[in-house]
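Structure file start_7.txt (compact mmCIF, C-alpha atoms) is printed below.
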```txt
# COMPACT_ATOMS: atom_id res chain seq x y z
CA MET I 17 -8.58 -56.83 52.31
CA ARG I 18 -9.29 -60.31 53.63
CA SER I 19 -13.05 -60.05 53.00
CA MET I 20 -12.47 -59.05 49.38
CA GLY I 21 -10.25 -62.09 48.87
CA MET I 22 -13.02 -64.35 50.18
CA PHE I 23 -15.55 -62.77 47.82
CA ASN I 24 -13.22 -63.25 44.85
CA LEU I 25 -12.61 -66.87 45.84
CA ALA I 26 -16.37 -67.46 46.02
CA VAL I 27 -16.76 -66.02 42.50
CA LEU I 28 -14.02 -68.30 41.16
CA VAL I 29 -15.49 -71.43 42.80
CA ALA I 30 -19.01 -70.63 41.56
CA SER I 31 -17.79 -70.05 38.00
CA VAL I 32 -15.77 -73.26 37.89
CA MET I 33 -18.70 -75.20 39.37
CA VAL I 34 -21.13 -73.98 36.72
CA LEU I 35 -18.71 -74.68 33.87
CA THR I 36 -18.01 -78.17 35.20
CA ILE I 37 -21.68 -79.03 35.59
CA ALA I 38 -22.41 -77.76 32.07
CA ALA I 39 -19.53 -79.79 30.63
CA VAL I 40 -20.84 -82.95 32.32
CA LEU I 41 -24.54 -82.57 31.47
CA VAL I 42 -24.47 -81.08 27.96
CA PRO I 43 -23.74 -83.60 25.16
CA ASP I 44 -20.62 -82.93 23.10
CA LYS I 45 -22.61 -82.53 19.86
CA SER I 46 -24.66 -79.71 21.41
CA TRP I 47 -21.61 -77.51 21.91
CA SER I 48 -21.47 -74.76 19.30
CA ASN I 49 -19.95 -71.30 19.23
CA ALA I 50 -23.25 -69.89 20.47
CA ALA I 51 -23.47 -72.54 23.22
CA ILE I 52 -19.90 -71.92 24.37
CA THR I 53 -20.38 -68.15 24.42
CA SER I 54 -23.73 -68.41 26.18
CA GLY I 55 -22.25 -70.82 28.70
CA VAL I 56 -19.42 -68.41 29.50
CA ILE I 57 -21.81 -65.47 29.87
CA PHE I 58 -24.12 -67.56 32.06
CA THR I 59 -21.14 -68.53 34.21
CA LEU I 60 -20.18 -64.89 34.62
CA SER I 61 -23.73 -63.98 35.65
CA VAL I 62 -23.67 -66.73 38.31
CA GLY I 63 -20.31 -65.44 39.52
CA PHE I 64 -21.76 -61.94 39.76
CA ILE I 65 -24.32 -63.18 42.31
CA PHE I 66 -21.43 -63.98 44.64
CA TYR I 67 -19.46 -60.88 43.66
CA ALA I 68 -22.36 -58.45 44.21
CA PRO I 69 -21.88 -58.22 48.03
CA SER I 70 -18.30 -57.08 47.48
CA ILE I 71 -19.64 -54.00 45.69
CA LEU I 72 -21.26 -52.90 48.94
CA VAL I 73 -18.12 -53.78 50.90
CA LYS I 74 -16.01 -51.62 48.58
CA SER I 75 -18.38 -48.69 49.04
CA GLN I 76 -18.69 -49.03 52.83
CA SER I 77 -16.92 -45.67 53.21
CA GLY I 78 -19.92 -44.07 51.50
CA SER I 79 -23.21 -43.21 53.11
CA ASP I 80 -25.58 -45.85 54.48
CA ALA I 81 -28.39 -44.31 52.42
CA ALA I 82 -26.55 -44.91 49.15
CA GLN I 83 -25.73 -48.49 50.13
CA MET I 84 -29.28 -49.30 51.20
CA ALA I 85 -30.70 -47.72 48.04
CA SER I 86 -28.44 -49.89 45.88
CA LEU I 87 -29.57 -53.20 47.43
CA GLY I 88 -32.92 -53.45 45.62
CA PRO I 89 -31.75 -52.44 42.12
CA LEU I 90 -28.66 -54.63 42.46
CA GLY I 91 -30.81 -57.66 43.24
CA VAL I 92 -33.13 -56.95 40.29
CA VAL I 93 -30.22 -56.52 37.86
CA THR I 94 -28.57 -59.70 39.10
CA GLY I 95 -31.75 -61.79 38.85
CA TRP I 96 -32.75 -60.38 35.44
CA THR I 97 -29.29 -60.99 33.98
CA LEU I 98 -29.23 -64.53 35.33
CA LEU I 99 -32.61 -65.37 33.76
CA LEU I 100 -31.61 -63.94 30.39
CA THR I 101 -28.30 -65.80 30.28
CA VAL I 102 -29.94 -69.06 31.34
CA GLY I 103 -32.45 -68.66 28.51
CA ALA I 104 -29.69 -67.93 25.99
CA PHE I 105 -27.72 -70.99 27.10
CA VAL I 106 -30.77 -73.27 26.81
CA LEU I 107 -31.61 -71.90 23.36
CA ALA I 108 -28.04 -72.45 22.21
CA ILE I 109 -28.10 -76.06 23.39
CA LEU I 110 -31.39 -76.60 21.52
CA GLY I 111 -29.73 -75.32 18.35
CA MET I 112 -31.46 -71.93 18.20
CA ASP I 113 -28.20 -70.05 17.77
CA LYS I 114 -29.62 -66.77 16.44
CA LEU I 115 -32.06 -66.45 19.31
CA ALA I 116 -29.27 -67.33 21.73
CA TRP I 117 -26.97 -64.65 20.30
CA SER I 118 -29.76 -62.08 20.45
CA LEU I 119 -30.59 -62.91 24.06
CA ASP I 120 -26.91 -62.73 25.03
CA ILE I 121 -26.57 -59.30 23.42
CA PHE I 122 -29.75 -58.13 25.17
CA ALA I 123 -28.52 -59.49 28.51
CA ILE I 124 -25.14 -57.76 28.25
CA GLY I 125 -26.67 -54.48 27.05
CA SER I 126 -29.30 -54.48 29.79
CA PHE I 127 -26.68 -55.22 32.42
CA ILE I 128 -24.40 -52.36 31.32
CA ILE I 129 -27.27 -49.85 31.03
CA SER I 130 -28.69 -50.84 34.43
CA GLY I 131 -25.25 -50.63 36.02
CA LEU I 132 -24.62 -47.14 34.66
CA MET I 133 -28.06 -45.91 35.74
CA GLN I 134 -27.66 -47.39 39.22
CA ARG I 135 -24.20 -45.83 39.58
CA ALA I 136 -25.58 -42.41 38.64
CA ALA I 137 -28.55 -42.76 41.01
CA THR I 138 -26.31 -43.96 43.86
CA ASN I 139 -24.01 -40.96 43.42
CA VAL I 140 -26.98 -38.58 43.60
CA ILE I 141 -28.35 -40.30 46.73
CA GLY I 142 -24.90 -40.27 48.32
CA ASN I 143 -24.45 -36.55 47.66
CA VAL I 144 -27.89 -35.71 49.04
CA ALA I 145 -27.37 -37.87 52.12
CA THR I 146 -23.97 -36.27 52.77
CA GLN I 147 -25.46 -32.80 52.43
CA TYR I 148 -28.33 -33.40 54.83
CA SER I 149 -26.38 -35.50 57.33
CA ALA I 150 -23.99 -32.62 58.05
CA PRO I 151 -24.77 -30.81 61.32
CA SER I 152 -26.73 -27.58 60.96
CA MET I 153 -24.81 -24.34 61.41
CA HIS I 154 -26.84 -23.35 64.45
CA ILE I 155 -25.41 -26.34 66.33
CA GLY I 156 -21.88 -25.04 65.73
CA TRP I 157 -22.84 -21.56 66.87
CA GLN I 158 -24.42 -22.96 70.00
CA GLY I 159 -21.20 -24.79 70.86
CA LYS I 160 -19.13 -21.64 70.40
CA ILE I 161 -21.47 -19.56 72.54
CA GLN I 162 -21.36 -22.20 75.27
CA GLY I 163 -17.59 -21.94 75.11
CA SER I 164 -17.87 -18.17 75.50
CA CYS I 165 -20.03 -18.72 78.61
CA SER I 166 -17.13 -20.47 80.31
CA ILE I 167 -14.86 -17.50 79.57
CA ALA I 168 -17.17 -14.67 80.64
CA SER I 169 -16.71 -13.44 84.19
CA ASP I 170 -19.45 -10.81 84.14
CA ALA I 171 -22.62 -12.36 85.59
CA LYS I 172 -24.97 -10.42 83.31
CA SER I 173 -23.05 -11.31 80.15
CA LYS I 174 -22.79 -14.93 81.27
CA ALA I 175 -26.56 -15.17 81.78
CA SER I 176 -27.24 -13.52 78.42
CA LEU I 177 -24.86 -15.91 76.67
CA GLU I 178 -26.57 -18.91 78.28
CA GLN I 179 -29.95 -17.62 77.05
CA LEU I 180 -28.48 -17.11 73.57
CA ALA I 181 -27.10 -20.65 73.55
CA GLU I 182 -30.57 -21.96 74.44
CA LYS I 183 -32.14 -19.94 71.61
CA LEU I 184 -29.57 -21.33 69.17
CA ARG I 185 -30.39 -24.83 70.35
CA TYR I 186 -33.96 -24.46 69.08
CA ALA I 187 -33.13 -22.37 66.00
CA ALA I 188 -34.25 -23.61 62.57
CA SER I 189 -32.02 -26.18 60.89
CA ASP I 190 -30.25 -25.53 57.60
CA VAL I 191 -31.90 -26.11 54.24
CA SER I 192 -30.27 -26.71 50.85
CA VAL I 193 -29.55 -22.98 50.47
CA SER I 194 -27.76 -20.77 52.99
CA SER I 195 -29.65 -17.97 54.65
CA PRO I 196 -28.48 -14.36 54.13
CA GLN I 197 -27.88 -14.08 57.89
CA ASP I 198 -25.43 -17.01 58.20
CA CYS I 199 -22.25 -15.02 57.55
CA GLN I 200 -23.31 -12.20 59.87
CA ILE I 201 -24.19 -14.57 62.72
CA ASP I 202 -20.94 -16.46 62.27
CA SER I 203 -18.98 -13.21 62.33
CA GLU I 204 -20.71 -11.94 65.48
CA VAL I 205 -20.24 -15.25 67.31
CA LYS I 206 -16.51 -15.19 66.52
CA ALA I 207 -16.30 -11.55 67.61
CA ILE I 208 -17.85 -12.38 70.99
CA ASN I 209 -15.40 -15.20 71.52
CA GLU I 210 -12.41 -13.03 70.57
CA GLN I 211 -13.59 -10.15 72.74
CA LEU I 212 -14.09 -12.34 75.81
CA SER I 213 -10.77 -14.09 75.22
CA ALA I 214 -9.06 -10.69 75.36
CA ASP I 215 -11.14 -9.41 78.29
CA SER I 216 -13.37 -11.83 80.20
CA ALA I 217 -15.30 -8.91 81.70
CA ALA I 218 -16.08 -7.34 78.31
CA ASN I 219 -19.62 -6.12 77.68
CA VAL I 220 -21.06 -8.14 74.78
CA GLN I 221 -24.74 -7.25 75.24
CA SER I 222 -25.02 -5.34 71.96
CA GLN I 223 -23.54 -8.24 70.00
CA ILE I 224 -25.85 -10.73 71.73
CA SER I 225 -28.88 -8.59 70.86
CA LYS I 226 -27.73 -8.39 67.25
CA ILE I 227 -27.30 -12.17 67.04
CA GLU I 228 -30.79 -12.71 68.52
CA MET I 229 -32.25 -10.41 65.87
CA LEU I 230 -30.35 -12.22 63.10
CA ILE I 231 -31.50 -15.61 64.42
CA ALA I 232 -35.13 -14.47 64.27
CA GLN I 233 -34.65 -13.28 60.68
CA ARG I 234 -32.88 -16.53 59.79
CA ASP I 235 -35.70 -18.64 61.23
CA ILE I 236 -38.27 -16.76 59.15
CA PHE I 237 -36.17 -17.19 55.99
CA LEU I 238 -35.57 -20.93 56.52
CA ARG I 239 -39.21 -21.69 57.34
CA SER I 240 -40.28 -19.78 54.23
CA ALA I 241 -37.77 -21.73 52.13
CA ARG I 242 -39.15 -25.03 53.47
CA ASN I 243 -42.73 -24.01 52.66
CA LYS I 244 -41.72 -23.23 49.06
CA ALA I 245 -39.91 -26.55 48.62
```
Rewrite the coordinates I just gave you, this time as structure tokens.
Amino acid sequence: MRSMGMFNLAVLVASVMVLTIAAVLVPDKSWSNAAITSGVIFTLSVGFIFYAPSILVKSQSGSDAAQMASLGPLGVVTGWTLLLTVGAFVLAILGMDKLAWSLDIFAIGSFIISGLMQRAATNVIGNVATQYSAPSMHIGWQGKIQGSCSIASDAKSKASLEQLAEKLRYAASDVSVSSPQDCQIDSEVKAINEQLSADSAANVQSQISKIEMLIAQRDIFLRSARNKA
């Protein structure tokens, strides 16, 4: 993607810029193995600041909730890693190699641990958001009953179906667990549609009454489940 190429180019430019500035400002005698390593890690942490937005771009197919939830932790991880690597680089230049190595190890370890924890948390948030963003089953039933209304030719059945569609409109929304009545309601709604498709003047009053009873039972179950949550 074009946007990803621009992000990668920004990372490359930022990394080269930091390395060049360090090479110009730091005296040759101050360069040691610890200083070189710390400088490289610091450069990578600066590059990550520019690369971080591409993480959200890559995951744009995911839910908005997961992306928004990752913004704060991503900023904290980026800032914390940058501070640690800056400190390690300064310590290495001052000749405190052991402290510099320790800080580099701590920075890398913290970054990996934070990244893994954020990935796990984002997956959980994404799954929950996907689950609760799906339309409730009663909305689907309402649509099917409204479709049956257009098929029915019997005035009484048509009026009863319209009333049933209105009741479904205000029925309780789904919770994390399915209600025992879901399968029965779904089956009865399909049966009405099939019956009217075969005979538009068919009498579906008994099925409508059964669905109304099941809806009432379902509402009680779902409201009870919400109160227990």
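Across the model, the gap from atom CA of I:Leu35 to atom CA of I:Leu110 is 17.8 Å.
Rounded to one decimal, atom CA of I:Ser176 and atom CA of I:Phe237 lie 24.4 Å from each other.
Remark: for I:Leu99, the closest of the candidate residues I:Gln134, I:Val62, I:Lys172, I:Ile129 is I:Val62 (distances computed over all atoms listed in the file).
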Which value, in Å to one decimal, gives the distance between atom CA of I:Ala188 and atom CA of I:Arg234?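 So the answer is 7.7 Å.
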Nearby residues (only C-alpha atoms) at most 12 Å from I:Ala39, same-chain spacing under 3 positions excluded, as a JSON list (two decimals) with C-alpha atoms, in the coordinates of the input:
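That gives us result_3.json:
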```json
[["chain", "number", "residue", "atom", "x", "y", "z"],
["I", 32, "VAL", "CA", -15.77, -73.26, 37.89],
["I", 33, "MET", "CA", -18.70, -75.20, 39.37],
["I", 34, "VAL", "CA", -21.13, -73.98, 36.72],
["I", 35, "LEU", "CA", -18.71, -74.68, 33.87],
["I", 36, "THR", "CA", -18.01, -78.17, 35.20],
["I", 42, "VAL", "CA", -24.47, -81.08, 27.96],
["I", 43, "PRO", "CA", -23.74, -83.60, 25.16],
["I", 44, "ASP", "CA", -20.62, -82.93, 23.10],
["I", 45, "LYS", "CA", -22.61, -82.53, 19.86],
["I", 46, "SER", "CA", -24.66, -79.71, 21.41],
["I", 47, "TRP", "CA", -21.61, -77.51, 21.91],
["I", 51, "ALA", "CA", -23.47, -72.54, 23.22],
["I", 52, "ILE", "CA", -19.90, -71.92, 24.37],
["I", 55, "GLY", "CA", -22.25, -70.82, 28.70],
["I", 56, "VAL", "CA", -19.42, -68.41, 29.50],
["I", 59, "THR", "CA", -21.14, -68.53, 34.21],
["I", 109, "ILE", "CA", -28.10, -76.06, 23.39]]
```
